[in-house]
Amino acid sequence: MPEEFVGQVLGAVDQVVGLLNIDEVFRLLNMPSNRKQADYGTALVLGVATVAVAAVVGGIVYFYDGRRAPWNRRKKHHPLTKPQWLESFDSNDGRLKDGGEKVLYKARKGGIDISIRAEVWPFLLGLYDLKSNAGERQATDSISSAEFEDLRRQCEVLKAIISSELNKSNLEKDDSGSFEKVSEEDLLESIWEDGDGETSTSEPSTKIEDNLETTKDGDLSENNVSSEPQKNPKVDEILAKGPKALEDFKDWMRIIRLDAVRMNAEWVPYSAVQANVSEEEASRRASEVGIQDDDHLEASRRHHAARLVAVLEAYALYDSDTGYCQGMSDLLSPFVALMESDSQAFWCFVEFMKVAKANFRMDETGIRRQLRLVGQIIKCTDPQLHEHLVKIQADDCYFVYRMVVVLLRRELSFEQTVCLWEVIWADWAALRLEAAAAAAGGSRSLRDALKKLPASKDLLLFAVSAAVLQKRKFIIEKCQGLDEILRECNAMAGKLDIWQLMDDGRHLLRIYNQKVGHEKAD
């Protein structure tokens with residue numbers, strides 16, 4: 001709510017109070033019994049009006065301190081539709097008109113229609129340049145698809161190396177001719193040892209056949225991969241790090257499969273093609289990625305789980321410094337559900353993870369930065385609530401840890417989640433476009449759009465803060481410790497209105513920007 005509007009409301013209230021003549025109200029209320037009945041009626045009306053005005057004034061004071069005023073009605077949200085999307089392209093070369101400004105504004109304000117999400121998301125996430133033409137996007141798709149397939153091939157190479165070395169070293173002959181089982185740690189270390197048992201200091205071979213036994217036809221015995229020399233940079237990267245890196249990859253493969261099979265079926269109504277996949281196709285995909293113990297799942301969920309495994313394994317190899325952590329499957333699932341191409345789902349996920357992977361750092365520096373910002377937002381927009389959090393030693397805001405790590409995925413339904421995420425991505429895209437426009441002299445229309453609907457790379461945190469402020473009264477009156485707030489926040493799951501959350505989050509962003517801007521000016 002703009003400050004000037006509040007001033008106008010308070011001015012109007014002051015005029016009404018002046019017209020009421022409070023002294024006259026009290027004089028009439030204390031008049032003698034021989035006065036006319038009409039005078040009592042006048043006094044009653046004036047008294048009620050006075051109370052009403054006081055309530056308005058109190059309401060303004062209570063609601064405006066970092067919260068949405070009661071007269072500010074909820075806005076209607078209309079998503080970017082398919083006709084609007086198709087009309088936004090130039091018919092000659094397939095470029096987005098006006099650099100995509102109108103599309104971004106529409107997506108930031110109301111989200112995207114389900115029928116075009118798979119087409120729009122690559123633009124929002126930066127997989128496609130907003131100013132690219134149709135030919136450039138085709139070339140991007142071709143290159144991206146080939147790179148993804150190569151990553152999948154290298155995954156199979158790495159798994160075959162693990163399998164081959166473990167099989168060859170599974171039993172070690174002792175002096176008496178008997179065999180004893182070797183520990184898994186010893187087996188992993190044996191991969192880097194030469195024939196004399198000394199650890200090799202040479203660089204790992206880039207040839208697959210150096211690591212795997214081949215058949216007479218030259219094919220690999222483990223997975224029938226061609227024996228022609230091929231470069232495997234991501235495999236070499238893992239091997240060069242030593243036994244611990246390979247052991248980590250093995251753990252990631254195991255956890256990925258567990259998480260993929262556990263994934264719920266919320267996505268099914270949003271992907272008719274995948275929901276109706278045949279048992280044969282589901283079994284084929286599950287077999288390809290080595291999923292077991294999934295017979296209890298219906299075909300659609302088995303197929304979805306197999307695709308999750310394929311993409312997550314490729315990502316763990318692509319970014320082995322991040323690898324895989326529990327929770328990533330929640331972030332990937334919407335991409336796999338709404339995109340039929342594994343390659344496109346993978347590369348959109350890669351772009352998403354450029355920001356989201358900070359949540360999965362072992363040192364938690366990324367997540368702590370975000371929790372601190374949530375605390376700053378609450379302090380700036382609701383000092384009373386923040387003071388209470390400080391009092392009960394909960395101002396570190398760890399009660400919203402889960403909300404931040406998986407971007408409210410556990411608190412929202414599937415549809416609500418993708419609505420929230422695509423609005424956040426549209427904000428990111430608008431900020432990228434603003435930076436590019438600034439370098440070229442600026443865009444007045446874009447500046448006006450961002451002034452009308454402010455954007456932030458941390459929009460998620462303003463939405464999380466808005467969710468907390470919805471519970472401010474309960475937190476202040478009932479919560480005396482972190483555990484109580486945590487239970488209340490966890491209880492929000494399934495009860496949040498996504499567009500109310502977005503409206504409130506934008507409102508907090510405006511207040512925060514105004515106050516922070518004033519502080520910097522001072």
# chains A, B, ... in the order shown; residues from 1 in each chain; ligands from 1
>>> residues_around(residues="range 85-90 of chain A", least_positions_apart="2", cutoff="12 Å", atoms="only C-alpha atoms", output="PyMOL selection string")
chain A and resi 79-83+92-104+106-107+112-113+115-117+119-120+123+130-134
>>> select_by_dssp(residues="range 252-483 of chain A", states="helix (DSSP H, G or I)", output="NGL selection string")
:A and (252-262 or 268-270 or 272-275 or 279-289 or 299-318 or 328-338 or 342-360 or 365-381 or 383-391 or 398-405 or 414-439 or 444-452 or 459-469 or 472-478 or 482-483)
>>> closest_residue(among="A:Ala306, A:Val157, A:Ala265, A:Ile162", to="Ser413 in chain A", atoms="only C-alpha atoms")
A:Ala265
>>> residues_around(residues="range 459-475 of chain A", least_positions_apart="2", cutoff="6 Å", atoms="only C-alpha atoms", output="list of chain:residue names")
A:Val374, A:Ser456, A:Lys457, A:Glu477, A:Lys478, A:Cys479, A:Leu501, A:Met502, A:Asp504, A:Gly505
>>> write_last_selection(atoms="C-alpha atoms", output="mmCIF file, in the first residue's frame")
data_model
loop_
_atom_site.group_PDB
_atom_site.id
_atom_site.type_symbol
_atom_site.label_atom_id
_atom_site.label_comp_id
_atom_site.auth_asym_id
_atom_site.auth_seq_id
_atom_site.Cartn_x
_atom_site.Cartn_y
_atom_site.Cartn_z
ATOM 1 C CA VAL A 374 14.127 -14.072 5.684
ATOM 2 C CA SER A 456 13.729 -9.944 -7.145
ATOM 3 C CA LYS A 457 16.116 -12.853 -7.519
ATOM 4 C CA GLU A 477 0.688 -15.217 21.385
ATOM 5 C CA LYS A 478 1.309 -18.959 21.518
ATOM 6 C CA CYS A 479 4.869 -19.826 20.482
ATOM 7 C CA LEU A 501 1.216 -15.750 -1.056
ATOM 8 C CA MET A 502 2.579 -14.132 -4.227
ATOM 9 C CA ASP A 504 1.754 -10.678 -0.093
ATOM 10 C CA GLY A 505 5.323 -11.507 -1.116
#
>>> atom_distance(atom1="CA of Phe349 in chain A", atom2="CA of Leu332 in chain A")
6.4 Å
>>> atom_distance(atom1="CA of Val277 in chain A", atom2="CA of Met339 in chain A")
14.3 Å
>>> closest_residue(among="A:Phe360, A:Ser300, A:Tyr315, A:Lys391", to="Cys348 in chain A", atoms="only C-alpha atoms")
A:Tyr315
